[in-house]
Structures are given as C-alpha cells and as structure tokens.
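Notes follow the structure.
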Number of protein chains: 4
Amino acid sequence: MAGLRKQGVNGKESRLRLLNAAAEEFALNGFYQTKISSIVARAGLTQPAFYLYFESKEAAFAELVDDFRKGINQVVRDSHIQPGKSNADLKQAVVLSLEQIYRYLADNPALTRIGFYQSTESVRIKAEVARLMERNLIEEQHFGYYRHDLDTEFTAECLLGIIERLTLIKLLPGREGPSQLAQRTQDLFFHGILDRHYEEDGRK
Amino acid sequence: MAGLRKQGVNGKESRLRLLNAAAEEFALNGFYQTKISSIVARAGLTQPAFYLYFESKEAAFAELVDDFRKGINQVVRDSHIQPGKSNADLKQAVVLSLEQIYRYLADNPALTRIGFYQSTESVRIKAEVARLMERNLIEEQHFGYYRHDLDTEFTAECLLGIIERLTLIKLLPGREGPSQLAQRTQDLFFHGILDRHYEEDGRK
Amino acid sequence: MAGLRKQGVNGKESRLRLLNAAAEEFALNGFYQTKISSIVARAGLTQPAFYLYFESKEAAFAELVDDFRKGINQVVRDSHIQPGKSNADLKQAVVLSLEQIYRYLADNPALTRIGFYQSTESVRIKAEVARLMERNLIEEQHFGYYRHDLDTEFTAECLLGIIERLTLIKLLPGREGPSQLAQRTQDLFFHGILDRHYEEDGRK
Amino acid sequence: MAGLRKQGVNGKESRLRLLNAAAEEFALNGFYQTKISSIVARAGLTQPAFYLYFESKEAAFAELVDDFRKGINQVVRDSHIQPGKSNADLKQAVVLSLEQIYRYLADNPALTRIGFYQSTESVRIKAEVARLMERNLIEEQHFGYYRHDLDTEFTAECLLGIIERLTLIKLLPGREGPSQLAQRTQDLFFHGILDRHYEEDGRK
DNA sequence: AATGAATGAGAGTTCATTCAT
DNA sequence: GATGAATGAACTCTCATTCAT
C-alpha cells in the first residue's frame, strides 16, 4: 500500500500544489463559488489534506491575497525614477517602470485576479498601491519632472484606475503585452502630466 | 393580533421595498453573503413574500444589474458633445457630460456598487459602456475636437478606468461630488487628448 | 366593478367548478403533486375561494374519494344476478353486470383514477368492492350458477384484480369500451368459474 | 465524545443501510411523505451522509424502482415453461413458475410496494411485465398448451391484474404464501386457459 | 503525510393556508 | 361571494470542516 501516495513526499510540495490550485480556482470562480473540493481535486489531494496545511478556506485565500499585496507593493515601490534625467530619458524610465508593474501582473495572473478583482481586500490593496504611486510622483515632482500644481493623490488614483482597467481587459486576456501597454499608458498619461508642453501651450 | 399583517396594501409597493432592500444588501455584502432573510427583514416582510415578487435570489440580483446597465448606458449615450464648439465651450461641455455620468452613479450608489463592482456582469456592462464612450469619442474626433491619431478604443478604456476608480474612492464615499470630479477628470484627461497643444509641442 | 366577478353568482356553482377542477388535477398528478394554485387556476378562481368551500386540500380530496366510493359501491351492489336464468341468459346477465361496472368507471375517469389508483383509501375502497362482489358471487352460487367448491372470497379478489388492471390500461385510455371489456372479462373468467360449462359447451 | 461517529467503516455498508432504510420508508409512506430525515434516522446517519451516496431523493427512489424492475423482469423472463409436458406436468410447471414470481415479490416486500404500488414508473414496469408474460404465453401456446383462440395480450394483462391484487392483499400482509397463491392462481386461471381440459376432465 | 467517511449548520425555496378588504 | 397580499412551517440540499485510521 505504501508508495501509492500521490506524491509530495514532503509536505512542502503538497502545500504548494494546494496553494496553486487554490489560486487558479479562486481566480477563476471567486471566493464563494470556489469549493474546497474543487481545489483539492485540482491538486490531486483530498479534503482533509487541505486542512493539514491551511486553517480554513479563508486563510488560504488570505494568504494568496497577501502574497499579491506584498508583490505588487514591492514592484511599485521599486518603480520610482532617479533624478537628473533628460526629457527623453524620463519618458523611457517611466515606460520601464510601468512595464515592470504590468509585467508583475502579467506574470501572476491568478494572484492579480484575486488581489485586484476578487478580494474584499482589493480596496485596501489598491489604496496602498495608490499611496506608493503617489509617493513616487511626489518625489519625481520634486525632481522637476512634472508640473508643480499637479494633485499627486488624484493623479495617482487615475493612473491606478487606468492600470487596473487595462490589466483586466488587455493584459490578462493576453491582448496586449506589458511593454506595449506601458508605452501607451505613458503616452496618454504623460501629456497631461508633463510640465513642459503645458508651458508652451500656455505660452501662446 | 389584528393588523399584524404588514402594510404594502399595494403589491407594487412591497415589490419596490423588496427591490430596494435587496439593492442595499447586495451593495453592502455582495451576492453570496446576502441572505434572503436579510433582504426581507430590511423590507419588513417574510421570506415567502420575496418569492411572490421574484423568481429567485439570482433573478432579483439580475434585475438590479439590468436596471443599472440600462441606466448607465442611457446616460453615457446621452453624454455626447455637439459639433461647432469653441475650445472653452468644448471643455465645459465635456465637464457637463462627465458630471452627468458621475451624477447618475452618485444618485444610484447601491446600483452602482452592484453593477460596477459586485456583479459578474460588470465585465460586460463596462465593455458596453466603453464601447458607447468610444462611439462618442469617435464622433467628437470627427468634429475636430481631438487629435487625429488618438486610439479611441484605448482612450475610452482609460477614461472608464479613471471613472471607475474615482467613483469607488471619491464619489461613493462622498469625498467628492460629481461636478468637482468631472472638472478634475476633464482637466487631467484633456491635456492628453486635445489636439492643439500637441501641434505646437510637436512643432518644436 | 360589480359584475366582473368570474361567474358562479351562486356559490354552488363555484364549489362545483372547484371540485371538478380538483378531480382533474388530482387524477392527473396525484395528491401531493397537485397544488391548490393549479386547482383554482383551472377553476378560474383564487386560492382563498377554495377555502370558502373546502376545509383543506385533504378534505376536497376525501370528498372526491368518497364520491367515488359511494358510486362504485352502488353500481357493484346493483350488479347482482337474478335467479332462474338459463345458461345463455346467465352469461348475458353477467356481461351486463360487468358492463355497468365498467361503464361507471369509464364515465367517471377522474374519480376512478383518484379512488382506485391515487388515494390511500383505495385499499379500503377495493376491499369494500371485493366484499360486495363476493356477496353477489355467494348469492349466485346459491342459485346454482357456479360450481360449489368455488372460494368466493378468492374469486372476488381475482375478478377485482382483472377489472382494476383492464380499467387502467384498456378502459381509461379509451382503447376498449365497457361492453367489449365486459364480454371479454366474462369470457375469460367464466370458463374457470362456471361449473362443467366447458364440458357441455365442448360437447356440442 | 470520542467514537460518536457512526459505524459503516465501509462506505458500501452505509450506502446499503441507507438504501434499505429508504426502501422501508418509501414502501411505508410513499415518495412524497418520506423525508430524508426519516431515512437517515432509520439508517443511523445524518442528512449529508445521504447525499454522499445518492444524488437526490428522486435518485434513491429511482434506484430502488429500477432494482425492482430488473428483478421482477428477470423472474418473469425465467418463468417460461418447457415444451413436451404432459397435462399434469404442465400444471405443476405453471404453479412453479407462478410460485417463483410470488416468491420474488414476497422476498422483496418493500421493493414490491415501491415498484408496483408507489412509483409512477409502476405503469411502465407492469407494462413490461405484461409483455414478458405474454411472450411466455405465446410460446406456450405454440407448444399446444393452451387453446388457439386465446388472446395472449388480454390474458397476460388479466393474469397480471390477478397477481397484482393477490400480492397486495394476500402475499404482502402474509396472509398466504407463494406456493399456496400459485396453486390457487393456477387453478382459477387455468380452467379458462387450458384447451378442452374441462371436457376431458369433466368427462371422466 | 494522507484519507475514507461523516457531520453541523444553514440557505434557498415551496406550499397550504389565512388576513383584511 | 371573492380576492390581493402575506405568512408559518417545512424540506431538500450544500459545503466547510473534522474524526478515526
């Protein structure tokens, strides 16, 4: 009889398989429509095994949400721009920053669906992300990159709104990739943010 | 003992009370966490009364979602701009359009929460809204209001993303009103849309 | 507003309509699957009207059952044969008796379905019918019509079983009429009942 | 507290206990008046356990009905008579056949009540049984056992009607056993079936 | 480490029945 | 005589969770 055990000779692997299965199911069907039975089926295990590694359905979901929260926070935190860039370099740097954010989301589609679109926590997560984005904006504004009358909080929220929407309808379905989206987001967004062109505009 | 039967002598009124109660509950707790018992309690009726007016929990939810869908579609459809406007008039017209959209959302907070943030249909609803917005953008682009290289589909999605986010964190919590949000949305958004300043910018 | 009342200006008619509707529904769907709402719908009335004329669903059903019970009892009681018949006359008399029974069943299909095949009371009803049939058999046996070693109780039960079955699959679906069924029932049944008949018959 | 979990270490046993319990309850109270709670109580389990083994109340009922259908069909199919029998042997063979049928019914009283007297399917089941009986009758008629003008379909239905009735009032209540009933059924029935038997018999 | 078997708790839904007019 | 509106009381079924091995 021994040896028939499915696999995961060490529990770590089973735990991981369960977590991944849970992520897929939650992402696909949401929290309430996801049954433990589906998760364990996907993981090739049985229901009691689930409770060997997770306190409850809620706990597993919360863990996934938290994983996403940490990941996206890190990426956004890292996506600030250095000072002393020329105009062209700034654009490129911003595109790169956005690309890294989109890339993280694209690389973790299930987590993204859960953390951004399914979880109740999504509100808090997005609030955090918005705050981090604002922090970057403020810094970059200090570097003279953006006009001085910019409402950074408002701007950050709008940027997040755009990213959120594009991620859902372009990125996750694979209709557009991170770099293209980053480019287009910057393009649209910049011409309302960037100080310089307004000057010239206002000049007239 | 007499007179214990609840009011709503008119069935229509009972139905309405139930629908409103359902809207509140669904908006507050989402579909799955909302129990019929809570809805009828809020409406001052009993569970069978609910089934007097609705096929099922799903049907009631769907009705609310559809109400929202129709409402928002109408508002967005009506929010297109007339041709022949001067630059200043255009801005004002756009602000007005946005304001009407925000106002509809603000006036129907429960429906908005349900149709935009709770329902599975939200994906389809937003897709429709985006399409209607794009239709307006295309028309307005023809009037010469926006630059000609604008990707209207992309732009519409971004605008929707912004509205979506601002509605959730500014409008529904009552932190900002429709007119203020409309003004600020237009302000940020416009300077990436407007044809004129790009010209001069590009000129350089 | 007056005069719009469906009809049944006098309640007797309404009661009758309800009873007939109930009979149809019960016959078609059985007691448990028949809903008051279906009955009143068929009768063109409303649910409270039902309770104007009947104590309960059970009471209405019981009334129908009892109607059937009385009717079939009467018919069976009346179907005994007179003494002093010749062989050929006897046959004809028995056929007539059976025909009257079948005719009653055919004329009251809904009641028959209810009283014979749906009701819990059917057991008691059939027991009564069997007892009445036996009583007739005993009498007729005394007249010398049947062999003397006939177990009348057993015979009555068998006859009832045959009638019951033929009614269900031949009579009620309209595949055979009362007179034909009576003839054939007598034919089959008689040649096991009649004393020495085959002898004489075969002799010829 | 430990050890309160019910037995049935083997799931098959639990399933069987549930099925038997269901059979008893259905036989006793019919489909609609039988509650899952009664079934599981009788089986010493809880309600969810029922759904571990059966799709629904309907499914469990249907399974029992089908068990009966298969069983009775098999028995009736097997109850045909071999050719080449003498008159006395034929009688004995027929009695044996009938006895096997009665015995199956007596041995499975709950199934019989369900399949013959409770189920909606009973109509179809009896139709099948009648057809099988007719098939046997036709064959036996070919062997010259019965008169040639016998309407086999009609005869089969009558035989079934008799069996049905005797089963209900004699066999299931234990008032008469299979062999006695078989004997008496054959006796009554035969003298209408057997070709010219009475003639020769009476002659002597 | 893993599982077969079982359950507590509750949700949605149905239906006979009644109140007030 | 009749009805629109409402309800009490059940019942089936589901699902996260746990026991015993």
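Ordering of the structure tokens sets the chain letters (A, B, ...), residue numbers begin anew at 1 in every chain, and ligands are numbered from 1 in the order given.
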
Study note, to complete from the structure: With chain C superposed on chain B by all C-alpha atoms in order, least-squares RMSD stands at 2.0 Å

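Residues in contact range of Val76 (chain B), defined as at most 10 Å between only C-alpha atoms (C1' of nucleotides), with sequence neighbours fewer than 5 positions away removed, read Gly71, Ser97, Leu98, Gln100, Ile101, Tyr104, Glu128, Val129, Ala130, Arg131, Leu132, Met133 and Asn136 of chain B.
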
Give me the residues of chain C that have any atom at most 9 Å from an atom of chain E; for each, the nearest atom pair and the distance in Å, rounded to one decimal. Use only C-alpha atoms (C1' of nucleotides), sort by chain and number, and format it as CSV.
residue,atom,partner,partner_atom,distance
C:Lys35,CA,E:DC15,C1',7.5
C:Ile36,CA,E:DA16,C1',7.6
C:Pro48,CA,E:DT18,C1',8.1
C:Tyr51,CA,E:DT17,C1',8.4
C:Ser56,CA,E:DA16,C1',8.1
C:Lys57,CA,E:DA16,C1',7.7

Would you write out those residues with N, CA and C atoms, as an mmCIF file, in the first residue's frame?
data_model
loop_
_atom_site.group_PDB
_atom_site.id
_atom_site.type_symbol
_atom_site.label_atom_id
_atom_site.label_comp_id
_atom_site.auth_asym_id
_atom_site.auth_seq_id
_atom_site.Cartn_x
_atom_site.Cartn_y
_atom_site.Cartn_z
ATOM 1 N N LYS C 35 -51.240 21.147 -6.666
ATOM 2 C CA LYS C 35 -51.191 22.347 -5.836
ATOM 3 C C LYS C 35 -52.543 23.060 -5.880
ATOM 4 N N ILE C 36 -52.916 23.601 -4.752
ATOM 5 C CA ILE C 36 -54.155 24.375 -4.710
ATOM 6 C C ILE C 36 -54.141 25.414 -5.823
ATOM 7 N N PRO C 48 -58.071 31.801 -1.941
ATOM 8 C CA PRO C 48 -58.997 31.904 -0.797
ATOM 9 C C PRO C 48 -60.374 31.344 -1.122
ATOM 10 N N TYR C 51 -60.873 27.868 -0.051
ATOM 11 C CA TYR C 51 -61.115 27.630 1.369
ATOM 12 C C TYR C 51 -62.496 28.118 1.814
ATOM 13 N N SER C 56 -59.875 21.992 3.546
ATOM 14 C CA SER C 56 -58.455 21.838 3.269
ATOM 15 C C SER C 56 -58.293 21.031 1.991
ATOM 16 N N LYS C 57 -57.086 20.939 1.550
ATOM 17 C CA LYS C 57 -56.776 20.124 0.384
ATOM 18 C C LYS C 57 -57.214 18.684 0.640
#

Practice item. Compile the contact shell of Ile39 (chain D) as a PyMOL selection string: residues with an atom at most 7 Å away, counting only C-alpha atoms (C1' of nucleotides), same-chain residues fewer than 5 positions apart removed. Key: chain D and resi 18+21-22+25

For the contact check between chain C and chain F, emit one row per residue of chain C within 7 Å, containing the shortest atom pair and the distance in Å rounded to one decimal, counting only C-alpha atoms (C1' of nucleotides), chain then rising number order, as a tab-separated table.
residue	atom	partner	partner_atom	distance
C:Gly11	CA	F:DG1	C1'	6.8
C:Thr46	CA	F:DT3	C1'	6.8
C:Ala49	CA	F:DA2	C1'	6.4
